[in-house]
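First the structure, in the form of structure tokens, and then the observations on it.
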Amino acid sequence: MRNSKVSLREAILVLVIALAIMGTGVIGLGLSPQVPVLLAITVTIFWAKITGFSWDEINAGIKDGIDKGIIPIVIFILIGAMISTWIAAGTIPTLMVIGFKAISAQWFLPTVFLVCSLVGAAVGSCFTVVSTVGIAFFGIGVTMSFNPALVAGAIISGGIFGDKCSPLSETNNLAAAVVDTDLFDHMKTILWSTVPAATISTIAFAVLGMGHNHADMNKINTTVAALNSDFHISIVALIPIVLVFICAAFKMAAIPTMLLNIFVSTAMMFVNNAGLTITKASTIITNGFVAKTSNNEVNLLLSRGGIVSMMPTVALIVLTLSLGGLLVHFGLISAIMSPLATHLNNSAKLITAALGACIGVNIFIGEQFLSIILPGRAFKKTFNNDGLASRALGRVLEDGGTVLNYLVPWGVGGVFIANTLGVPTIQYLPFVFFSLLCPIFSLLSGFTGVGLKKLESNQSVKNAKPATNEN
């Protein structure tokens with residue numbers, strides 16, 4: 001068992017090597033993230049053992065990391081089942097047909113952004129947006145000959161913005177809890193970043209969509225004909241979507257909402273297809289839906305989903321959380337964040353450092369919740385000592401932690417979206433304008449003071465709770 005604490009130099013060295021391995025493998029060589037992350041885990045374990053950590057401590061670090069991801073893992077498995085049942089029940093095909101008839105090519109991208117924002121605000125989950133209406137919009141966009149990465153950027157941007165506007169959002173509730181502030185005060189504070197970012201994103205998508213005034217109507221008509229002939233297209237097929245909104249209104253948790261939705265969608269599959277057997281339905285839920293229409297592009301777009309399709313994502317979540325658990329348990333993260341948090345003497349430096357910490361946790365650990373929890377604990381006392389309200393830190397945690405996780409190729413959000421839409425993270429990253437803009441507005445707030453919440457005069461800094469670091 002190691003007795004001495006990890007030094008700053010030692011922590012930087014290990015983290016730089018881990019980042020170099022993952023960055024070179026995923027970005028440089030184009031490898032799937034699982035292998036580079038596994039190699040980074042191996043290097044970290046070897047370092048830990050050489051420097052005196054016991055196998056019990058190593059195992060404890062891995063276990064602690066994975067424990068935090070059990071619920072997200074279950075949710076992703078259920079999302080895989082929900083995607084396949086929504087396609088088989090005709091829900092996603094019906095959305096596509098309605099979209100083809102209602103949306104013009106010129107305004108397609110801003111419409112996607114705004115609709116995904118509204119759905120995200122209702123359900124409080126970008127993951128749900130992407131895996132439901134997002135798949136339908138993606139199919140429409142590809143059929144209209146839009147760049148798939150650009151369509152993905154509009155879907156993701158809208159989903160994240162909606163998530164940030166929802167009191168049902170897990171990350172909104174977590175960030176408010178970490179900084180000990182009221183949820184709705186927290187949501188009002190982040191509007192200083194999210195509204196300008198959403199406004200610019202809408203304009204950007206509108207400008208980028210101007211070159212698509214004339215969609216290929218023959219291609220669209222062929223696609224609609226294939227959908228009408230092979231799927232049950234009707235308003236009734238939209239029941240699962242209505243059910244999601246009803247569950248959100250009753251504040252039902254994600255897992256029971258998805259289980260109920262899968263059950264209803266599966267029942268609709270049996271109603272629509274008299275020849276469907278329990279064995280075939282089980283295969284669809286497990287292995288995904290396989291489209292067999294006369295249109296190869298429709299087959300490619302709608303052959304997806306299933307529990308098995310989520311296994312690469314689940315594997316990567318387990319690996320990234322294992323790596324994150326090791327880095328936290330060995331004190332590598334706190335060794336870097338603690339000096340940052342205690343040697344900053346003005347608001348601009350504080351905002352910059354806290355943003356950097358959130359981004360760093362996203363890069364090195366890849367887990368959205370930890371990108372909020374770890375910097376939040378490290379910087380809370382320092383923010384209060386500088387006269388900044390706790391909700392000012394909450395906004396930074398969202399701008400640097402929550403919204404950027406979807407842009408990390410080995411991050412939980414990035415891997416899920418790449419797997420669900422079939423577009424590599426590196427390709428859609430430049431078009432997720434909302435996520436790219438939020439940290440910029442946080443920085444501007446730090447340097448100008450605009451929208452930066454201060455402690456009220458009757459609040460005593462001495463009463464601020466001390467920050468705790470995870471080791």
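Each chain in the structure tokens gets a letter, A, B and so on, in the order shown; residues start at 1 in every chain, and ligands are counted from 1 in the order they appear.
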Using only C-alpha atoms, which protein or nucleic acid residues come within 8 Å of Ile233 (chain A)? Drop anything in the same chain fewer than 4 positions from it, and give the result as an MDAnalysis selection string. chainID A and resid 90:91 93:94 97 227:228 237
Output for the residues just chosen: N, CA and C atoms as a PDB file, in the first residue's frame:
```pdb
ATOM      1  N   GLY A  90     -43.782   0.898 -36.225  1.00  0.00           N
ATOM      2  CA  GLY A  90     -44.127   1.916 -37.206  1.00  0.00           C
ATOM      3  C   GLY A  90     -43.990   3.336 -36.708  1.00  0.00           C
ATOM      4  N   THR A  91     -43.497   3.516 -35.485  1.00  0.00           N
ATOM      5  CA  THR A  91     -43.410   4.862 -34.895  1.00  0.00           C
ATOM      6  C   THR A  91     -42.398   5.732 -35.636  1.00  0.00           C
ATOM      7  N   PRO A  93     -40.891   5.115 -38.656  1.00  0.00           N
ATOM      8  CA  PRO A  93     -41.299   5.295 -40.056  1.00  0.00           C
ATOM      9  C   PRO A  93     -42.420   6.328 -40.223  1.00  0.00           C
ATOM     10  N   THR A  94     -43.397   6.346 -39.299  1.00  0.00           N
ATOM     11  CA  THR A  94     -44.478   7.339 -39.380  1.00  0.00           C
ATOM     12  C   THR A  94     -43.942   8.750 -39.203  1.00  0.00           C
ATOM     13  N   VAL A  97     -42.391   9.784 -42.520  1.00  0.00           N
ATOM     14  CA  VAL A  97     -43.370  10.133 -43.547  1.00  0.00           C
ATOM     15  C   VAL A  97     -43.958  11.512 -43.279  1.00  0.00           C
ATOM     16  N   LEU A 227     -41.793   3.111 -47.319  1.00  0.00           N
ATOM     17  CA  LEU A 227     -42.243   3.149 -45.923  1.00  0.00           C
ATOM     18  C   LEU A 227     -43.721   2.783 -45.807  1.00  0.00           C
ATOM     19  N   ASN A 228     -44.537   3.308 -46.736  1.00  0.00           N
ATOM     20  CA  ASN A 228     -45.972   3.028 -46.697  1.00  0.00           C
ATOM     21  C   ASN A 228     -46.296   1.562 -46.986  1.00  0.00           C
ATOM     22  N   ALA A 237     -49.583   4.965 -34.623  1.00  0.00           N
ATOM     23  CA  ALA A 237     -48.192   4.546 -34.428  1.00  0.00           C
ATOM     24  C   ALA A 237     -47.410   5.529 -33.566  1.00  0.00           C
TER      25      ALA A 237
END
```
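With only C-alpha atoms as the atoms that count, the residue of A:Val179, A:Leu38, A:Ile307, A:Leu95 with the shortest distance to Ala389 (chain A) is A:Val179.
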Find the distance between CA of Leu39 (chain A) and CA of Leu13 (chain A) and write it in Å to one decimal. 15.8 Å
Apply DSSP to the backbone of this structure and, from region 280-336 of chain A, keep only the residues in alpha helix (DSSP H); write these as a short mmCIF file (atom, residue, chain, number, x, y, z; two decimals) with N, CA, C and O atoms, in the first residue's frame.
```cif
data_model
loop_
_atom_site.label_atom_id
_atom_site.label_comp_id
_atom_site.auth_asym_id
_atom_site.auth_seq_id
_atom_site.Cartn_x
_atom_site.Cartn_y
_atom_site.Cartn_z
N LYS A 280 -39.99 -14.27 -32.82
CA LYS A 280 -39.57 -13.21 -33.73
C LYS A 280 -39.50 -11.86 -33.00
O LYS A 280 -38.58 -11.08 -33.23
N ALA A 281 -40.48 -11.62 -32.15
CA ALA A 281 -40.47 -10.36 -31.38
C ALA A 281 -39.26 -10.30 -30.47
O ALA A 281 -38.61 -9.25 -30.35
N SER A 282 -38.94 -11.41 -29.84
CA SER A 282 -37.76 -11.47 -28.97
C SER A 282 -36.48 -11.23 -29.77
O SER A 282 -35.56 -10.54 -29.29
N THR A 283 -36.42 -11.76 -30.99
CA THR A 283 -35.24 -11.54 -31.85
C THR A 283 -35.09 -10.08 -32.20
O THR A 283 -33.98 -9.53 -32.22
N ILE A 284 -36.22 -9.41 -32.50
CA ILE A 284 -36.18 -7.98 -32.83
C ILE A 284 -35.67 -7.17 -31.64
O ILE A 284 -34.81 -6.29 -31.79
N ILE A 285 -36.18 -7.48 -30.45
CA ILE A 285 -35.75 -6.75 -29.25
C ILE A 285 -34.29 -7.01 -28.95
O ILE A 285 -33.55 -6.11 -28.54
N THR A 286 -33.84 -8.24 -29.16
CA THR A 286 -32.46 -8.61 -28.83
C THR A 286 -31.47 -8.16 -29.88
O THR A 286 -30.46 -7.51 -29.58
N ASN A 287 -31.74 -8.51 -31.14
CA ASN A 287 -30.76 -8.29 -32.21
C ASN A 287 -31.04 -7.06 -33.06
O ASN A 287 -30.22 -6.69 -33.90
N ASN A 296 -33.10 0.04 -50.84
CA ASN A 296 -31.88 -0.27 -50.07
C ASN A 296 -31.53 0.81 -49.06
O ASN A 296 -30.99 0.51 -47.98
N GLU A 297 -31.79 2.07 -49.39
CA GLU A 297 -31.47 3.16 -48.46
C GLU A 297 -32.37 3.09 -47.22
O GLU A 297 -31.90 3.33 -46.10
N VAL A 298 -33.62 2.76 -47.40
CA VAL A 298 -34.52 2.59 -46.25
C VAL A 298 -34.06 1.41 -45.41
O VAL A 298 -34.05 1.48 -44.17
N ASN A 299 -33.64 0.34 -46.06
CA ASN A 299 -33.14 -0.82 -45.32
C ASN A 299 -31.93 -0.45 -44.47
O ASN A 299 -31.80 -0.90 -43.33
N LEU A 300 -31.05 0.38 -45.04
CA LEU A 300 -29.85 0.80 -44.32
C LEU A 300 -30.20 1.70 -43.14
O LEU A 300 -29.65 1.57 -42.04
N LEU A 301 -31.15 2.60 -43.34
CA LEU A 301 -31.53 3.56 -42.31
C LEU A 301 -32.28 2.91 -41.15
O LEU A 301 -32.08 3.27 -39.98
N LEU A 302 -33.13 1.95 -41.45
CA LEU A 302 -34.03 1.40 -40.43
C LEU A 302 -33.66 0.00 -39.97
O LEU A 302 -34.42 -0.62 -39.22
N MET A 311 -24.11 -3.20 -27.08
CA MET A 311 -23.01 -3.83 -26.36
C MET A 311 -21.66 -3.14 -26.57
O MET A 311 -20.87 -3.03 -25.62
N PRO A 312 -21.33 -2.66 -27.79
CA PRO A 312 -20.08 -1.89 -27.91
C PRO A 312 -20.08 -0.64 -27.03
O PRO A 312 -19.05 -0.30 -26.43
N THR A 313 -21.23 0.02 -26.95
CA THR A 313 -21.35 1.20 -26.08
C THR A 313 -21.20 0.81 -24.62
O THR A 313 -20.48 1.47 -23.84
N VAL A 314 -21.87 -0.26 -24.21
CA VAL A 314 -21.78 -0.73 -22.83
C VAL A 314 -20.34 -1.11 -22.48
O VAL A 314 -19.83 -0.78 -21.41
N ALA A 315 -19.67 -1.79 -23.42
CA ALA A 315 -18.27 -2.19 -23.18
C ALA A 315 -17.39 -0.98 -22.96
O ALA A 315 -16.55 -0.95 -22.05
N LEU A 316 -17.60 0.05 -23.79
CA LEU A 316 -16.77 1.25 -23.65
C LEU A 316 -17.10 2.00 -22.37
O LEU A 316 -16.20 2.55 -21.72
N ILE A 317 -18.37 2.03 -21.98
CA ILE A 317 -18.74 2.68 -20.73
C ILE A 317 -18.04 1.99 -19.55
O ILE A 317 -17.48 2.65 -18.66
N VAL A 318 -18.05 0.66 -19.56
CA VAL A 318 -17.38 -0.09 -18.49
C VAL A 318 -15.89 0.23 -18.46
O VAL A 318 -15.30 0.45 -17.39
N LEU A 319 -15.26 0.31 -19.63
CA LEU A 319 -13.82 0.58 -19.69
C LEU A 319 -13.51 2.01 -19.26
O LEU A 319 -12.57 2.24 -18.48
N THR A 320 -14.27 2.99 -19.77
CA THR A 320 -13.98 4.39 -19.43
C THR A 320 -14.25 4.66 -17.95
O THR A 320 -13.50 5.40 -17.31
N LEU A 321 -15.30 4.05 -17.42
CA LEU A 321 -15.57 4.23 -15.99
C LEU A 321 -14.52 3.53 -15.14
O LEU A 321 -14.18 4.01 -14.04
N SER A 322 -13.99 2.42 -15.62
CA SER A 322 -12.90 1.74 -14.91
C SER A 322 -11.67 2.65 -14.87
O SER A 322 -11.03 2.80 -13.82
N LEU A 323 -11.35 3.25 -16.03
CA LEU A 323 -10.21 4.16 -16.08
C LEU A 323 -10.46 5.36 -15.17
O LEU A 323 -9.57 5.76 -14.40
N GLY A 324 -11.66 5.92 -15.25
CA GLY A 324 -11.99 7.06 -14.39
C GLY A 324 -11.92 6.71 -12.92
O GLY A 324 -11.42 7.49 -12.11
N GLY A 325 -12.42 5.52 -12.56
CA GLY A 325 -12.35 5.09 -11.17
C GLY A 325 -10.92 4.97 -10.67
O GLY A 325 -10.61 5.36 -9.53
N LEU A 326 -10.03 4.46 -11.52
CA LEU A 326 -8.62 4.35 -11.15
C LEU A 326 -7.99 5.73 -10.95
O LEU A 326 -7.28 5.98 -9.98
N LEU A 327 -8.26 6.65 -11.89
CA LEU A 327 -7.66 7.98 -11.81
C LEU A 327 -8.14 8.73 -10.56
O LEU A 327 -7.36 9.44 -9.92
N VAL A 328 -9.42 8.55 -10.21
CA VAL A 328 -9.95 9.21 -9.02
C VAL A 328 -9.43 8.54 -7.75
O VAL A 328 -8.99 9.20 -6.81
N HIS A 329 -9.47 7.22 -7.71
CA HIS A 329 -9.08 6.48 -6.52
C HIS A 329 -7.60 6.69 -6.17
O HIS A 329 -7.24 6.77 -4.99
N LEU A 332 -5.15 11.01 -8.77
CA LEU A 332 -4.53 11.72 -9.90
C LEU A 332 -5.34 12.95 -10.29
O LEU A 332 -4.77 14.00 -10.62
N ILE A 333 -6.67 12.83 -10.29
CA ILE A 333 -7.51 13.96 -10.67
C ILE A 333 -7.42 15.07 -9.62
O ILE A 333 -7.22 16.25 -9.94
N SER A 334 -7.55 14.72 -8.34
CA SER A 334 -7.51 15.73 -7.29
C SER A 334 -6.14 16.38 -7.18
O SER A 334 -6.02 17.54 -6.79
N ALA A 335 -5.08 15.64 -7.54
CA ALA A 335 -3.72 16.19 -7.48
C ALA A 335 -3.56 17.36 -8.44
O ALA A 335 -2.75 18.27 -8.21
N ILE A 336 -4.35 17.37 -9.51
CA ILE A 336 -4.28 18.46 -10.48
C ILE A 336 -5.32 19.54 -10.17
O ILE A 336 -5.02 20.74 -10.23
#
```
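Within 8 Å of Cys165 (chain A), once only C-alpha atoms are used and residues closer than 5 positions along the same chain are dropped, the contacting residues are Gly120, Ala121, Gly124 and Met187 of chain A.
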Emit the selected residues as a short mmCIF file (atom, residue, chain, number, x, y, z; two decimals), in the first residue's frame, including N, CA and C atoms.
```cif
data_model
loop_
_atom_site.label_atom_id
_atom_site.label_comp_id
_atom_site.auth_asym_id
_atom_site.auth_seq_id
_atom_site.Cartn_x
_atom_site.Cartn_y
_atom_site.Cartn_z
N GLY A 120 -36.60 17.58 -26.18
CA GLY A 120 -35.63 17.47 -25.10
C GLY A 120 -36.10 18.17 -23.84
N ALA A 121 -36.73 19.33 -24.01
CA ALA A 121 -37.25 20.07 -22.84
C ALA A 121 -38.38 19.30 -22.17
N GLY A 124 -36.38 15.76 -20.95
CA GLY A 124 -35.20 15.96 -20.10
C GLY A 124 -34.04 15.05 -20.39
N MET A 187 -31.27 26.79 -13.34
CA MET A 187 -31.71 26.80 -14.73
C MET A 187 -31.79 28.23 -15.28
#
```
Could you list, as number ranges by chain, every residue within 10 Å of Val35 (chain A), counting only C-alpha atoms and ignoring same-chain residues fewer than 2 positions away? A: 21-22, 25-26, 31-33, 37-41, 316, 319
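In this model, the gap between CA of Ile70 (chain A) and CA of Gly360 (chain A) comes to 22.7 Å.
Taking CA of Ile71 (chain A) as the reference point, CA of Phe364 (chain A) is found at 20.8 Å.
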